[in-house]
Amino acid sequence: MSTARRLQPFGTTIFAEMTRLAQEHDAVNLSQGFPDEDGPEIIRRTAAEAALAGPNQYAPLPGLPELRAEIARVFEAASGLPTDANAHVTVTSGCTEAIAASMIGLLNPGDRIVLFEPYYDSYRAAVAMADAVPVFVTLRAPDFTFDEAELRRACEGARAILVNTPHNPTGHVYGREELSLIAELCQQHDMIALTDEVYEHLVFDCEHHRLSTWPGMSERTVTMSSLGKTYSLTGWKVGWVVASPELTRGVRSAHQFLTFSVPTPLQHGAVAALQLPPSYYNEFRSSFRARRDLLTEGLLDLGFRVKPSEGTYFLLADHTPFGFADDRTFCEHITRELGVAAIPPSVFYENREHGHPLVRFAFCKSEATLSEALRRLRGLIG
Ligand code: GLN
């Protein structure tokens, strides 16, 4: 008896592995992306009160009507697209379930789906669970954009494409030109687009664009986001999907059998989250910009080459000035010997070698935590 063949290649996710190693060595954990401060009290209090008041029974399969109404309102305001809470919105157990439900509910076995690498690790496993076939397009250093000809080739015969913007782990935010080409190819090849936009509020020097707003794209785009990153509640695992009624039917057909529904009290909390005033998002963004700058400048000072992060709460740095064989050796060294954990990005590539020179640091930590990590990393220069 052993793990099914379709999941054997993926082993244990790097996030669990590095956080365990960080705990074992009492390391400052800049690996798995979770903030060291919990999100707004009003959201947590609303969920706690809902749990005490009850009922604590199953929420409706597509999500609490009040929450879907809020998601529809917020999405419509941001995108300008008419959004109906019943026909277009589904609440899922985080964006990770949204991705799996979209793939399982919308792809047939053998369908090709274009993924950009480096990719967030669950995408590759979700494709395998859907018995679909991944086709890879590489985002190349230094600015982590793609080659047009490579993308055009990959889309031939493909049924779907997954776009994650702002992009984990590179910090790249897809620009208008990139999304215009993707939209053109989706229509040319009659593809659906799945978009993971969980870092939509974490853009620093540019704008977040939604693929669904391109002409002809709202009918063929499955837009996904979540509560975890925007409200520093990663442990809640509350996410959502906005899609056309036809695509929504496919997503729900899988969602109903994956999780059925999402914890009721947390959905009440999510309503309070989506009702926060605009000032919340401005403060959130500027506090993360300050943390990004602190970590970027500190790493440059130590001798890393750093890719400026345009969005997300991650940045990629080039560790090769320090002479380690590859990203794993580097990350194990800094965790065990210096007490700082980071992610080796080769796990996010089909061709692992592309990730060997790189290391991913999370900056969703207090300034004190980041300064302590930088102090410890001075060990690299003796
Ligand atoms: N999205 C988070 C990251 O990239 C981790 C999610 C997880 O641990 N599964 O670090």
# chains A, B, ... in the order shown; residues from 1 in each chain; ligands from 1
$ residues_around --residues "range 345-351 of chain A" --least-positions-apart "6" --cutoff "6 Å" --atoms "only C-alpha atoms" --output "list of chain:residue names"
A:Glu117, A:Pro118, A:Tyr119, A:Asp121, A:Val359
$ write_last_selection --atoms "C-alpha atoms" --output "compact mmCIF listing (two decimals), in the first residue's frame"
# COMPACT_ATOMS: atom_id res chain seq x y z
CA GLU A 117 7.13 28.43 -13.81
CA PRO A 118 8.26 29.05 -11.16
CA TYR A 119 4.79 28.08 -9.92
CA ASP A 121 3.58 24.13 -5.72
CA VAL A 359 16.33 31.82 -2.60
$ residues_around --residues "Gln267 in chain A" --least-positions-apart "3" --cutoff "12 Å" --atoms "only C-alpha atoms" --output "ChimeraX atom specification"
/A:43-44,46-51,56,58-60,62-71,90-94,226-227,236-240,261-264,270-274
$ select_by_dssp --residues "range 107-141 of chain A" --states "helix (DSSP H, G or I)" --output "mmCIF file with all heavy atoms, in the first residue's frame"
data_model
loop_
_atom_site.group_PDB
_atom_site.id
_atom_site.type_symbol
_atom_site.label_atom_id
_atom_site.label_comp_id
_atom_site.auth_asym_id
_atom_site.auth_seq_id
_atom_site.Cartn_x
_atom_site.Cartn_y
_atom_site.Cartn_z
ATOM 1 N N ASP A 121 3.470 25.588 -5.566
ATOM 2 C CA ASP A 121 3.582 24.129 -5.721
ATOM 3 C C ASP A 121 2.251 23.380 -5.849
ATOM 4 O O ASP A 121 2.181 22.339 -6.494
ATOM 5 C CB ASP A 121 4.485 23.519 -4.643
ATOM 6 C CG ASP A 121 3.909 23.605 -3.233
ATOM 7 O OD1 ASP A 121 2.929 24.351 -3.011
ATOM 8 O OD2 ASP A 121 4.454 22.917 -2.336
ATOM 9 N N SER A 122 1.175 23.925 -5.277
ATOM 10 C CA SER A 122 -0.085 23.171 -5.338
ATOM 11 C C SER A 122 -0.646 23.100 -6.762
ATOM 12 O O SER A 122 -1.426 22.209 -7.085
ATOM 13 C CB SER A 122 -1.132 23.753 -4.382
ATOM 14 O OG SER A 122 -1.909 24.745 -4.996
ATOM 15 N N TYR A 123 -0.255 24.047 -7.643
ATOM 16 C CA TYR A 123 -0.810 24.022 -9.008
ATOM 17 C C TYR A 123 -0.489 22.705 -9.702
ATOM 18 O O TYR A 123 -1.338 22.090 -10.345
ATOM 19 C CB TYR A 123 -0.229 25.133 -9.899
ATOM 20 C CG TYR A 123 -0.412 26.547 -9.420
ATOM 21 C CD1 TYR A 123 0.339 27.576 -9.986
ATOM 22 C CD2 TYR A 123 -1.326 26.877 -8.431
ATOM 23 C CE1 TYR A 123 0.187 28.887 -9.580
ATOM 24 C CE2 TYR A 123 -1.476 28.182 -8.017
ATOM 25 C CZ TYR A 123 -0.715 29.184 -8.588
ATOM 26 O OH TYR A 123 -0.854 30.482 -8.191
ATOM 27 N N ARG A 124 0.786 22.345 -9.573
ATOM 28 C CA ARG A 124 1.270 21.165 -10.281
ATOM 29 C C ARG A 124 0.555 19.903 -9.760
ATOM 30 O O ARG A 124 0.177 19.026 -10.545
ATOM 31 C CB ARG A 124 2.788 21.092 -10.051
ATOM 32 C CG ARG A 124 3.500 19.989 -10.718
ATOM 33 C CD ARG A 124 3.560 20.236 -12.212
ATOM 34 N NE ARG A 124 4.087 19.065 -12.878
ATOM 35 C CZ ARG A 124 3.380 17.973 -13.127
ATOM 36 N NH1 ARG A 124 2.132 17.895 -12.765
ATOM 37 N NH2 ARG A 124 3.941 16.963 -13.751
ATOM 38 N N ALA A 125 0.354 19.852 -8.444
ATOM 39 C CA ALA A 125 -0.320 18.698 -7.845
ATOM 40 C C ALA A 125 -1.805 18.700 -8.207
ATOM 41 O O ALA A 125 -2.397 17.639 -8.456
ATOM 42 C CB ALA A 125 -0.134 18.715 -6.332
ATOM 43 N N ALA A 126 -2.423 19.882 -8.271
ATOM 44 C CA ALA A 126 -3.852 19.953 -8.631
ATOM 45 C C ALA A 126 -4.055 19.497 -10.076
ATOM 46 O O ALA A 126 -5.050 18.827 -10.382
ATOM 47 C CB ALA A 126 -4.385 21.379 -8.430
ATOM 48 N N VAL A 127 -3.123 19.845 -10.951
ATOM 49 C CA VAL A 127 -3.205 19.381 -12.343
ATOM 50 C C VAL A 127 -3.177 17.854 -12.359
ATOM 51 O O VAL A 127 -3.967 17.206 -13.056
ATOM 52 C CB VAL A 127 -2.044 19.966 -13.195
ATOM 53 C CG1 VAL A 127 -2.009 19.315 -14.576
ATOM 54 C CG2 VAL A 127 -2.162 21.478 -13.326
ATOM 55 N N ALA A 128 -2.308 17.287 -11.544
ATOM 56 C CA ALA A 128 -2.209 15.820 -11.480
ATOM 57 C C ALA A 128 -3.505 15.218 -10.931
ATOM 58 O O ALA A 128 -3.990 14.199 -11.436
ATOM 59 C CB ALA A 128 -1.020 15.412 -10.618
ATOM 60 N N MET A 129 -4.093 15.849 -9.931
ATOM 61 C CA MET A 129 -5.346 15.331 -9.360
ATOM 62 C C MET A 129 -6.483 15.396 -10.379
ATOM 63 O O MET A 129 -7.415 14.600 -10.322
ATOM 64 C CB MET A 129 -5.712 16.085 -8.078
ATOM 65 C CG MET A 129 -4.784 15.718 -6.922
ATOM 66 S SD MET A 129 -5.359 16.351 -5.322
ATOM 67 C CE MET A 129 -4.534 17.919 -5.247
#
$ residues_near_ligand --ligand "ligand 1" --cutoff "7 Å" --atoms "only C-alpha atoms and all ligand atoms" --output "list in words"
Phe15, Ala16, Ser31, Gln32, Gly33, Phe34, Tyr120, Asn168 and Pro169 of chain A
$ closest_atom_pairs --of "range 79-101 of chain A" --to "range 175-195 of chain A" --cutoff "12 Å" --atoms "only C-alpha atoms" --output "Markdown table"
| residue | atom | partner | partner_atom | distance |
| --- | --- | --- | --- | --- |
| A:Cys95 | CA | A:Thr195 | CA | 10.1 |
| A:Thr96 | CA | A:Thr195 | CA | 11.8 |
| A:Ala98 | CA | A:Leu194 | CA | 9.7 |
| A:Ile99 | CA | A:Leu194 | CA | 7.8 |
| A:Ala100 | CA | A:Leu194 | CA | 10.7 |
| A:Ala101 | CA | A:Leu194 | CA | 11.0 |
$ closest_residue --among "A:Asp196, A:Glu372, A:Asp205, A:Glu367" --to "Glu37 in chain A" --atoms "only C-alpha atoms"
A:Glu367
$ select_by_dssp --residues "range 125-247 of chain A" --states "strand (DSSP E or B)" --output "list in words"
Val133, Pro134, Val135, Phe136, Val137, Thr138, Arg140, Thr145, Ala160, Ile161, Leu162, Val163, Asn164, Ile192, Ala193, Leu194, Thr195, Asp196, Val203, Thr221, Val222, Thr223, Met224, Ser225, Ser226, Gly239, Trp240, Val241 and Val242 of chain A
$ write_last_selection --atoms "C-alpha atoms" --output "mmCIF file, in the first residue's frame"
data_model
loop_
_atom_site.group_PDB
_atom_site.id
_atom_site.type_symbol
_atom_site.label_atom_id
_atom_site.label_comp_id
_atom_site.auth_asym_id
_atom_site.auth_seq_id
_atom_site.Cartn_x
_atom_site.Cartn_y
_atom_site.Cartn_z
ATOM 1 C CA VAL A 133 -1.419 17.625 -18.568
ATOM 2 C CA PRO A 134 0.737 20.648 -17.652
ATOM 3 C CA VAL A 135 2.609 22.641 -20.292
ATOM 4 C CA PHE A 136 5.249 24.991 -18.913
ATOM 5 C CA VAL A 137 6.289 28.497 -19.844
ATOM 6 C CA THR A 138 9.259 29.903 -17.946
ATOM 7 C CA ARG A 140 12.940 34.330 -16.907
ATOM 8 C CA THR A 145 8.464 37.910 -17.742
ATOM 9 C CA ALA A 160 -6.684 26.313 -20.016
ATOM 10 C CA ILE A 161 -4.025 28.628 -18.610
ATOM 11 C CA LEU A 162 -3.307 29.543 -15.010
ATOM 12 C CA VAL A 163 -2.114 33.070 -14.268
ATOM 13 C CA ASN A 164 -0.958 34.091 -10.800
ATOM 14 C CA ILE A 192 -10.328 29.202 -20.098
ATOM 15 C CA ALA A 193 -8.138 31.239 -17.749
ATOM 16 C CA LEU A 194 -7.756 30.487 -14.049
ATOM 17 C CA THR A 195 -6.359 33.457 -12.144
ATOM 18 C CA ASP A 196 -4.891 33.280 -8.653
ATOM 19 C CA VAL A 203 1.261 45.730 -5.135
ATOM 20 C CA THR A 221 -12.032 33.561 -16.640
ATOM 21 C CA VAL A 222 -12.210 31.921 -13.228
ATOM 22 C CA THR A 223 -10.978 34.610 -10.819
ATOM 23 C CA MET A 224 -9.800 33.348 -7.437
ATOM 24 C CA SER A 225 -8.776 35.145 -4.294
ATOM 25 C CA SER A 226 -8.899 34.741 -0.537
ATOM 26 C CA GLY A 239 -11.230 31.828 -0.349
ATOM 27 C CA TRP A 240 -13.580 32.388 -3.249
ATOM 28 C CA VAL A 241 -14.154 32.015 -6.953
ATOM 29 C CA VAL A 242 -15.856 34.505 -9.258
#
$ closest_residue --among "A:Arg291, A:Lys229, A:His25, A:Arg112" --to "Glu197 in chain A" --atoms "only C-alpha atoms"
A:Lys229
$ closest_residue --among "A:Leu151, A:Gly323, A:Val340, A:Thr329" --to "Ile381 in chain A" --atoms "only C-alpha atoms"
A:Gly323
$ closest_residue --among "A:Asp327, A:Asp36, A:Asp143, A:Asp131" --to "Asp111 in chain A" --atoms "only C-alpha atoms"
A:Asp131
$ residues_around --residues "Glu337 in chain A" --least-positions-apart "2" --cutoff "12 Å" --atoms "only C-alpha atoms" --output "JSON, numbers by chain"
{"A": [21, 22, 24, 25, 26, 27, 28, 329, 330, 331, 332, 333, 334, 335, 339, 340, 341, 376, 377, 378, 379, 380]}
$ closest_residue --among "A:Ala77, A:Ala141, A:Leu370, A:Leu30" --to "Phe314 in chain A" --atoms "only C-alpha atoms"
A:Leu30
$ residues_around --residues "range 315-319 of chain A" --least-positions-apart "4" --cutoff "8 Å" --atoms "only C-alpha atoms" --output "PyMOL selection string"
chain A and resi 169-171+304-309+323-324+327+330+357-363
$ write_last_selection --atoms "C-alpha atoms" --output "PDB file, in the first residue's frame"
ATOM      1  CA  PRO A 169       7.542  33.436  -5.702  1.00  0.00           C
ATOM      2  CA  THR A 170       9.024  36.066  -8.049  1.00  0.00           C
ATOM      3  CA  GLY A 171       7.131  39.174  -6.920  1.00  0.00           C
ATOM      4  CA  PHE A 304      22.879  39.259  -2.327  1.00  0.00           C
ATOM      5  CA  ARG A 305      21.601  40.240  -5.738  1.00  0.00           C
ATOM      6  CA  VAL A 306      17.924  41.009  -5.202  1.00  0.00           C
ATOM      7  CA  LYS A 307      15.043  41.102  -7.634  1.00  0.00           C
ATOM      8  CA  PRO A 308      12.896  44.065  -6.597  1.00  0.00           C
ATOM      9  CA  SER A 309       9.494  42.685  -5.538  1.00  0.00           C
ATOM     10  CA  GLY A 323      29.485  30.065  -3.073  1.00  0.00           C
ATOM     11  CA  PHE A 324      26.897  27.374  -2.240  1.00  0.00           C
ATOM     12  CA  ASP A 327      19.386  26.580  -3.337  1.00  0.00           C
ATOM     13  CA  PHE A 330      22.075  27.280   0.832  1.00  0.00           C
ATOM     14  CA  PRO A 357      20.869  30.154  -7.856  1.00  0.00           C
ATOM     15  CA  LEU A 358      17.790  31.558  -6.080  1.00  0.00           C
ATOM     16  CA  VAL A 359      16.331  31.816  -2.599  1.00  0.00           C
ATOM     17  CA  ARG A 360      12.860  33.053  -1.626  1.00  0.00           C
ATOM     18  CA  PHE A 361      12.471  35.181   1.498  1.00  0.00           C
ATOM     19  CA  ALA A 362       9.077  36.157   2.962  1.00  0.00           C
ATOM     20  CA  PHE A 363       8.848  39.687   4.355  1.00  0.00           C
TER      21      PHE A 363
END
$ atom_distance --atom1 "CA of Ser212 in chain A" --atom2 "CA of Glu76 in chain A"
11.3 Å
$ decode --residues "range 107-154 of chain A" --atoms "N, CA and C atoms" --output "JSON list (two decimals), in the first residue's frame"
[["chain", "number", "residue", "atom", "x", "y", "z"],
["A", 107, "LEU", "N", -11.67, 20.66, -16.09],
["A", 107, "LEU", "CA", -10.77, 20.02, -17.06],
["A", 107, "LEU", "C", -11.13, 18.55, -17.20],
["A", 108, "ASN", "N", -11.01, 18.05, -18.43],
["A", 108, "ASN", "CA", -11.17, 16.61, -18.64],
["A", 108, "ASN", "C", -9.81, 15.94, -18.60],
["A", 109, "PRO", "N", -9.80, 14.64, -18.29],
["A", 109, "PRO", "CA", -8.52, 13.93, -18.28],
["A", 109, "PRO", "C", -7.81, 14.14, -19.62],
["A", 110, "GLY", "N", -6.53, 14.47, -19.54],
["A", 110, "GLY", "CA", -5.74, 14.66, -20.75],
["A", 110, "GLY", "C", -5.74, 16.08, -21.29],
["A", 111, "ASP", "N", -6.63, 16.96, -20.77],
["A", 111, "ASP", "CA", -6.62, 18.36, -21.21],
["A", 111, "ASP", "C", -5.30, 19.01, -20.84],
["A", 112, "ARG", "N", -4.83, 19.87, -21.72],
["A", 112, "ARG", "CA", -3.57, 20.57, -21.45],
["A", 112, "ARG", "C", -3.85, 21.91, -20.78],
["A", 113, "ILE", "N", -3.04, 22.20, -19.77],
["A", 113, "ILE", "CA", -3.15, 23.49, -19.08],
["A", 113, "ILE", "C", -1.77, 24.12, -19.00],
["A", 114, "VAL", "N", -1.70, 25.40, -19.40],
["A", 114, "VAL", "CA", -0.43, 26.11, -19.39],
["A", 114, "VAL", "C", -0.17, 26.67, -17.99],
["A", 115, "LEU", "N", 1.00, 26.36, -17.45],
["A", 115, "LEU", "CA", 1.43, 26.91, -16.16],
["A", 115, "LEU", "C", 2.71, 27.70, -16.37],
["A", 116, "PHE", "N", 2.83, 28.83, -15.70],
["A", 116, "PHE", "CA", 4.09, 29.57, -15.73],
["A", 116, "PHE", "C", 4.95, 29.05, -14.59],
["A", 117, "GLU", "N", 6.24, 28.81, -14.90],
["A", 117, "GLU", "CA", 7.13, 28.43, -13.81],
["A", 117, "GLU", "C", 8.12, 29.56, -13.58],
["A", 118, "PRO", "N", 8.60, 29.81, -12.35],
["A", 118, "PRO", "CA", 8.26, 29.05, -11.16],
["A", 118, "PRO", "C", 6.78, 29.19, -10.80],
["A", 119, "TYR", "N", 6.21, 28.09, -10.27],
["A", 119, "TYR", "CA", 4.79, 28.08, -9.92],
["A", 119, "TYR", "C", 4.64, 27.71, -8.44],
["A", 120, "TYR", "N", 3.57, 28.22, -7.85],
["A", 120, "TYR", "CA", 3.19, 27.83, -6.49],
["A", 120, "TYR", "C", 2.92, 26.32, -6.51],
["A", 121, "ASP", "N", 3.47, 25.59, -5.57],
["A", 121, "ASP", "CA", 3.58, 24.13, -5.72],
["A", 121, "ASP", "C", 2.25, 23.38, -5.85],
["A", 122, "SER", "N", 1.18, 23.93, -5.28],
["A", 122, "SER", "CA", -0.08, 23.17, -5.34],
["A", 122, "SER", "C", -0.65, 23.10, -6.76],
["A", 123, "TYR", "N", -0.25, 24.05, -7.64],
["A", 123, "TYR", "CA", -0.81, 24.02, -9.01],
["A", 123, "TYR", "C", -0.49, 22.71, -9.70],
["A", 124, "ARG", "N", 0.79, 22.35, -9.57],
["A", 124, "ARG", "CA", 1.27, 21.16, -10.28],
["A", 124, "ARG", "C", 0.56, 19.90, -9.76],
["A", 125, "ALA", "N", 0.35, 19.85, -8.44],
["A", 125, "ALA", "CA", -0.32, 18.70, -7.85],
["A", 125, "ALA", "C", -1.81, 18.70, -8.21],
["A", 126, "ALA", "N", -2.42, 19.88, -8.27],
["A", 126, "ALA", "CA", -3.85, 19.95, -8.63],
["A", 126, "ALA", "C", -4.05, 19.50, -10.08],
["A", 127, "VAL", "N", -3.12, 19.85, -10.95],
["A", 127, "VAL", "CA", -3.20, 19.38, -12.34],
["A", 127, "VAL", "C", -3.18, 17.85, -12.36],
["A", 128, "ALA", "N", -2.31, 17.29, -11.54],
["A", 128, "ALA", "CA", -2.21, 15.82, -11.48],
["A", 128, "ALA", "C", -3.51, 15.22, -10.93],
["A", 129, "MET", "N", -4.09, 15.85, -9.93],
["A", 129, "MET", "CA", -5.35, 15.33, -9.36],
["A", 129, "MET", "C", -6.48, 15.40, -10.38],
["A", 130, "ALA", "N", -6.41, 16.36, -11.30],
["A", 130, "ALA", "CA", -7.43, 16.47, -12.34],
["A", 130, "ALA", "C", -7.10, 15.58, -13.54],
["A", 131, "ASP", "N", -6.01, 14.83, -13.46],
["A", 131, "ASP", "CA", -5.55, 14.01, -14.60],
["A", 131, "ASP", "C", -5.37, 14.83, -15.87],
["A", 132, "ALA", "N", -5.00, 16.10, -15.68],
["A", 132, "ALA", "CA", -4.73, 16.97, -16.82],
["A", 132, "ALA", "C", -3.22, 16.96, -17.08],
["A", 133, "VAL", "N", -2.83, 17.67, -18.15],
["A", 133, "VAL", "CA", -1.42, 17.62, -18.57],
["A", 133, "VAL", "C", -0.85, 19.04, -18.54],
["A", 134, "PRO", "N", 0.18, 19.29, -17.71],
["A", 134, "PRO", "CA", 0.74, 20.65, -17.65],
["A", 134, "PRO", "C", 1.69, 20.93, -18.82],
["A", 135, "VAL", "N", 1.65, 22.17, -19.28],
["A", 135, "VAL", "CA", 2.61, 22.64, -20.29],
["A", 135, "VAL", "C", 3.25, 23.87, -19.66],
["A", 136, "PHE", "N", 4.59, 23.94, -19.70],
["A", 136, "PHE", "CA", 5.25, 24.99, -18.91],
["A", 136, "PHE", "C", 5.81, 26.10, -19.77],
["A", 137, "VAL", "N", 5.66, 27.32, -19.25],
["A", 137, "VAL", "CA", 6.29, 28.50, -19.84],
["A", 137, "VAL", "C", 7.10, 29.13, -18.72],
["A", 138, "THR", "N", 8.37, 29.43, -19.02],
["A", 138, "THR", "CA", 9.26, 29.90, -17.95],
["A", 138, "THR", "C", 9.29, 31.42, -17.87],
["A", 139, "LEU", "N", 9.11, 31.92, -16.65],
["A", 139, "LEU", "CA", 9.32, 33.35, -16.39],
["A", 139, "LEU", "C", 10.82, 33.51, -16.13],
["A", 140, "ARG", "N", 11.48, 34.31, -16.96],
["A", 140, "ARG", "CA", 12.94, 34.33, -16.91],
["A", 140, "ARG", "C", 13.51, 35.56, -16.22],
["A", 141, "ALA", "N", 14.56, 35.32, -15.43],
["A", 141, "ALA", "CA", 15.29, 36.40, -14.78],
["A", 141, "ALA", "C", 15.89, 37.29, -15.88],
["A", 142, "PRO", "N", 16.18, 38.57, -15.65],
["A", 142, "PRO", "CA", 16.05, 39.24, -14.36],
["A", 142, "PRO", "C", 14.65, 39.78, -14.06],
["A", 143, "ASP", "N", 13.81, 40.00, -15.09],
["A", 143, "ASP", "CA", 12.54, 40.65, -14.74],
["A", 143, "ASP", "C", 11.35, 39.66, -14.68],
["A", 144, "PHE", "N", 11.62, 38.39, -14.88],
["A", 144, "PHE", "CA", 10.60, 37.34, -14.72],
["A", 144, "PHE", "C", 9.34, 37.59, -15.54],
["A", 145, "THR", "N", 9.56, 37.91, -16.81],
["A", 145, "THR", "CA", 8.46, 37.91, -17.74],
["A", 145, "THR", "C", 8.67, 36.71, -18.67],
["A", 146, "PHE", "N", 7.72, 36.50, -19.62],
["A", 146, "PHE", "CA", 7.82, 35.31, -20.46],
["A", 146, "PHE", "C", 8.17, 35.70, -21.90],
["A", 147, "ASP", "N", 8.58, 34.71, -22.65],
["A", 147, "ASP", "CA", 8.90, 34.90, -24.05],
["A", 147, "ASP", "C", 7.62, 34.68, -24.87],
["A", 148, "GLU", "N", 7.30, 35.63, -25.73],
["A", 148, "GLU", "CA", 6.04, 35.57, -26.47],
["A", 148, "GLU", "C", 5.92, 34.31, -27.32],
["A", 149, "ALA", "N", 6.99, 33.96, -28.01],
["A", 149, "ALA", "CA", 6.94, 32.79, -28.90],
["A", 149, "ALA", "C", 6.73, 31.51, -28.09],
["A", 150, "GLU", "N", 7.39, 31.45, -26.93],
["A", 150, "GLU", "CA", 7.25, 30.27, -26.07],
["A", 150, "GLU", "C", 5.80, 30.14, -25.58],
["A", 151, "LEU", "N", 5.20, 31.27, -25.21],
["A", 151, "LEU", "CA", 3.80, 31.22, -24.76],
["A", 151, "LEU", "C", 2.87, 30.82, -25.91],
["A", 152, "ARG", "N", 3.09, 31.40, -27.08],
["A", 152, "ARG", "CA", 2.24, 31.06, -28.23],
["A", 152, "ARG", "C", 2.29, 29.56, -28.52],
["A", 153, "ARG", "N", 3.50, 29.01, -28.48],
["A", 153, "ARG", "CA", 3.65, 27.56, -28.74],
["A", 153, "ARG", "C", 2.91, 26.74, -27.69],
["A", 154, "ALA", "N", 3.07, 27.15, -26.42],
["A", 154, "ALA", "CA", 2.49, 26.38, -25.32],
["A", 154, "ALA", "C", 0.96, 26.35, -25.40]]
